[in-house]
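So the structure is just underneath, and the comments pick up after that.
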Amino acid sequence: MLKESPFFSVITILGTALAICMIMVMVIVFEIQNKGFKPELNRDRTLYVKDVAITHKNEEDGGMNYSLVGGRVAKECFFTLKTPEAVSMQLMRMQTLVTSTDQTRRMKCDQIRTDEGFWKIFDFDFVEGTPFTEADFQSAIPRVVISNRMAASLFGGERAVGRQIVLDYVTYTVCGVTRDVPNPLMASFFDVCIPYSCNDNLMTPKPDY
């Protein structure tokens, strides 16, 4: 059959191979987005709330806006829930400059600010040390957890726990080093992780407007 119609045979084979390839890609993407991978082992029973819808009405027509969840909303609506095993608030990931205390090494990194509940939801492997504790968070002690990649860049092969780094002109003490998260799109990805309680603006209650 291949010899009788080589052109159509090639088209049929390539079409079949392309269809199988597309199905495999779709399955792989679905698995990556939904199946649990360390440190996000509990994806199937974790709820992520990224924004809220705000409806407003006027004389002409109604409308709807979307905004990020504020700290007061998170604390009053989610931290008061009794059903979840753990609740955590994470501020938007941002690029920031991290430097060593002697200013000899500096680089940009992905920074997140969160609380002690973050370590209960995600199952990190710690190469050194431990995460910051609830006592550290409540006391606003400047502790930082860094990735293994960041530790290698800042301190080489030396022990990182107990050393200090500077973020936004604030000196933090490294309390733990985690294994690198493979995918930057994962919710648990970070280079440096600090308690948001270290920022006075986030801890001071603000009126609603």
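Identifiers in the structure tokens: chain A, B, ... in order shown; residue index from 1 per chain; ligand index from 1 in order shown.
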Excluding A:Leu185 and any residue of its chain fewer than 5 positions from it, enumerate the residues within 12 Å of it, using only C-alpha atoms, and give them as a list in words. Ile32, Gln33, Glu40, Arg93, Asp110 and Phe190 of chain A
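In terms of minimum interatomic distance to A:Ser188, A:Ser147 ranks closest within A:Thr133, A:Ser147, A:Thr80, A:Ser5, counting only C-alpha atoms.
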Would you give me, as a PyMOL selection string, the residues in stretch 40-206 of chain A that DSSP reads as strand (DSSP E)? chain A and resi 51-57+62-68+94-100+106-114+126-129+143-147+164-167+170-178+192-195
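For the pair atom CA of A:Leu97 and atom CA of A:Phe37, the separation is 28.9 Å.
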Select from chain A everything DSSP, run on the backbone, classes as helix (DSSP H, G or I), then give the selection as a ChimeraX atom specification. /A:6-34,43-45,71-77,118-121,134-138,148-155,196-198,200-203
Distance query A:Leu91 at most 12 Å, only C-alpha atoms, self and fewer than 6 positions along chain excluded, as a PyMOL selection string: chain A and resi 49-51+68-71+74+110-115+118+187-188+190+193-197+199+202
Let's have the selection written as an mmCIF file, in the first residue's frame, with N, CA and C atoms.
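Result file follows (part_16.cif):
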```cif
data_model
loop_
_atom_site.group_PDB
_atom_site.id
_atom_site.type_symbol
_atom_site.label_atom_id
_atom_site.label_comp_id
_atom_site.auth_asym_id
_atom_site.auth_seq_id
_atom_site.Cartn_x
_atom_site.Cartn_y
_atom_site.Cartn_z
ATOM 1 N N VAL A 49 -7.013 31.182 46.486
ATOM 2 C CA VAL A 49 -7.850 32.351 46.218
ATOM 3 C C VAL A 49 -6.919 33.499 45.855
ATOM 4 N N LYS A 50 -6.959 33.904 44.599
ATOM 5 C CA LYS A 50 -6.024 34.920 44.109
ATOM 6 C C LYS A 50 -6.653 36.306 44.013
ATOM 7 N N ASP A 51 -7.949 36.380 43.704
ATOM 8 C CA ASP A 51 -8.582 37.685 43.594
ATOM 9 C C ASP A 51 -10.044 37.578 43.989
ATOM 10 N N LEU A 68 -6.942 41.992 43.901
ATOM 11 C CA LEU A 68 -6.272 41.017 44.743
ATOM 12 C C LEU A 68 -6.890 41.011 46.137
ATOM 13 N N VAL A 69 -6.780 39.883 46.812
ATOM 14 C CA VAL A 69 -7.319 39.763 48.162
ATOM 15 C C VAL A 69 -6.445 40.572 49.120
ATOM 16 N N GLY A 70 -7.045 41.497 49.847
ATOM 17 C CA GLY A 70 -6.309 42.309 50.800
ATOM 18 C C GLY A 70 -6.061 41.561 52.097
ATOM 19 N N GLY A 71 -5.145 42.104 52.902
ATOM 20 C CA GLY A 71 -4.800 41.450 54.159
ATOM 21 C C GLY A 71 -5.965 41.354 55.114
ATOM 22 N N ALA A 74 -8.424 38.662 53.928
ATOM 23 C CA ALA A 74 -7.882 37.321 54.176
ATOM 24 C C ALA A 74 -7.993 36.934 55.640
ATOM 25 N N ASP A 110 13.587 36.126 43.185
ATOM 26 C CA ASP A 110 12.139 36.092 43.371
ATOM 27 C C ASP A 110 11.849 35.994 44.857
ATOM 28 N N GLN A 111 11.166 37.009 45.378
ATOM 29 C CA GLN A 111 10.887 37.062 46.806
ATOM 30 C C GLN A 111 9.395 36.888 47.064
ATOM 31 N N ILE A 112 9.048 36.094 48.071
ATOM 32 C CA ILE A 112 7.670 36.031 48.549
ATOM 33 C C ILE A 112 7.656 36.376 50.024
ATOM 34 N N ARG A 113 6.525 36.905 50.487
ATOM 35 C CA ARG A 113 6.322 37.235 51.893
ATOM 36 C C ARG A 113 5.095 36.475 52.370
ATOM 37 N N THR A 114 5.249 35.722 53.417
ATOM 38 C CA THR A 114 4.168 34.852 53.860
ATOM 39 C C THR A 114 4.231 34.667 55.372
ATOM 40 N N ASP A 115 3.501 33.676 55.877
ATOM 41 C CA ASP A 115 3.450 33.417 57.315
ATOM 42 C C ASP A 115 3.824 31.967 57.591
ATOM 43 N N PHE A 118 2.408 28.753 55.660
ATOM 44 C CA PHE A 118 2.964 28.374 54.357
ATOM 45 C C PHE A 118 3.706 27.053 54.444
ATOM 46 N N ALA A 187 3.068 27.696 42.792
ATOM 47 C CA ALA A 187 2.762 28.652 43.857
ATOM 48 C C ALA A 187 3.816 28.642 44.950
ATOM 49 N N SER A 188 4.563 27.557 45.057
ATOM 50 C CA SER A 188 5.559 27.419 46.122
ATOM 51 C C SER A 188 6.950 27.883 45.710
ATOM 52 N N PHE A 190 10.153 30.092 45.084
ATOM 53 C CA PHE A 190 10.768 31.312 45.599
ATOM 54 C C PHE A 190 12.279 31.141 45.628
ATOM 55 N N CYS A 193 12.289 33.769 51.027
ATOM 56 C CA CYS A 193 10.963 33.809 51.642
ATOM 57 C C CYS A 193 11.093 34.438 53.026
ATOM 58 N N ILE A 194 10.360 35.527 53.254
ATOM 59 C CA ILE A 194 10.446 36.245 54.518
ATOM 60 C C ILE A 194 9.057 36.382 55.137
ATOM 61 N N PRO A 195 8.949 36.615 56.444
ATOM 62 C CA PRO A 195 7.644 36.861 57.066
ATOM 63 C C PRO A 195 7.138 38.253 56.690
ATOM 64 N N TYR A 196 5.868 38.336 56.285
ATOM 65 C CA TYR A 196 5.348 39.664 55.953
ATOM 66 C C TYR A 196 5.122 40.511 57.202
ATOM 67 N N SER A 197 5.228 39.921 58.375
ATOM 68 C CA SER A 197 5.099 40.690 59.611
ATOM 69 C C SER A 197 6.278 41.647 59.806
ATOM 70 N N ASN A 199 7.149 43.774 57.764
ATOM 71 C CA ASN A 199 6.772 45.028 57.121
ATOM 72 C C ASN A 199 5.684 45.684 57.957
ATOM 73 N N LEU A 202 2.172 46.360 56.504
ATOM 74 C CA LEU A 202 1.248 45.257 56.298
ATOM 75 C C LEU A 202 0.565 44.845 57.582
#
```
Using only C-alpha atoms, which of A:Cys109, A:Ile121, A:Asp180, A:Arg143 sits nearest A:Gln90? A:Ile121
Hey, what's within 9 Å of A:Tyr172 if we count only C-alpha atoms and toss same-chain stuff fewer than 3 positions away? As a PyMOL selection string, please? chain A and resi 141-144+163-167+194
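For the set A:Met186, A:Met1, A:Ile13, A:Val192, the residue with the smallest atom-to-atom gap to A:Lys35 is A:Met186, counting only C-alpha atoms.
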Give me, as JSON, numbers by chain, all polymer residues having an atom no more than 9 Å from A:Ala86, counting only C-alpha atoms and skipping those fewer than 2 positions away in the same chain. {"A": [79, 83, 84, 88, 117, 118, 120, 121]}
Would you mind exporting C-alpha atoms of the selected residues as a short mmCIF file (atom, residue, chain, number, x, y, z; two decimals), in the first residue's frame?
```cif
data_model
loop_
_atom_site.label_atom_id
_atom_site.label_comp_id
_atom_site.auth_asym_id
_atom_site.auth_seq_id
_atom_site.Cartn_x
_atom_site.Cartn_y
_atom_site.Cartn_z
CA PHE A 79 -8.15 32.80 58.89
CA THR A 83 -12.53 23.42 58.50
CA PRO A 84 -9.11 23.95 56.82
CA SER A 88 -1.75 30.99 54.81
CA GLY A 117 1.11 28.48 57.67
CA PHE A 118 2.96 28.37 54.36
CA LYS A 120 2.24 23.52 56.78
CA ILE A 121 0.60 23.63 53.36
#
```
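Atom CA of A:Val145 to atom CA of A:Cys77 spans 27.6 Å [interatomic distance, one decimal].
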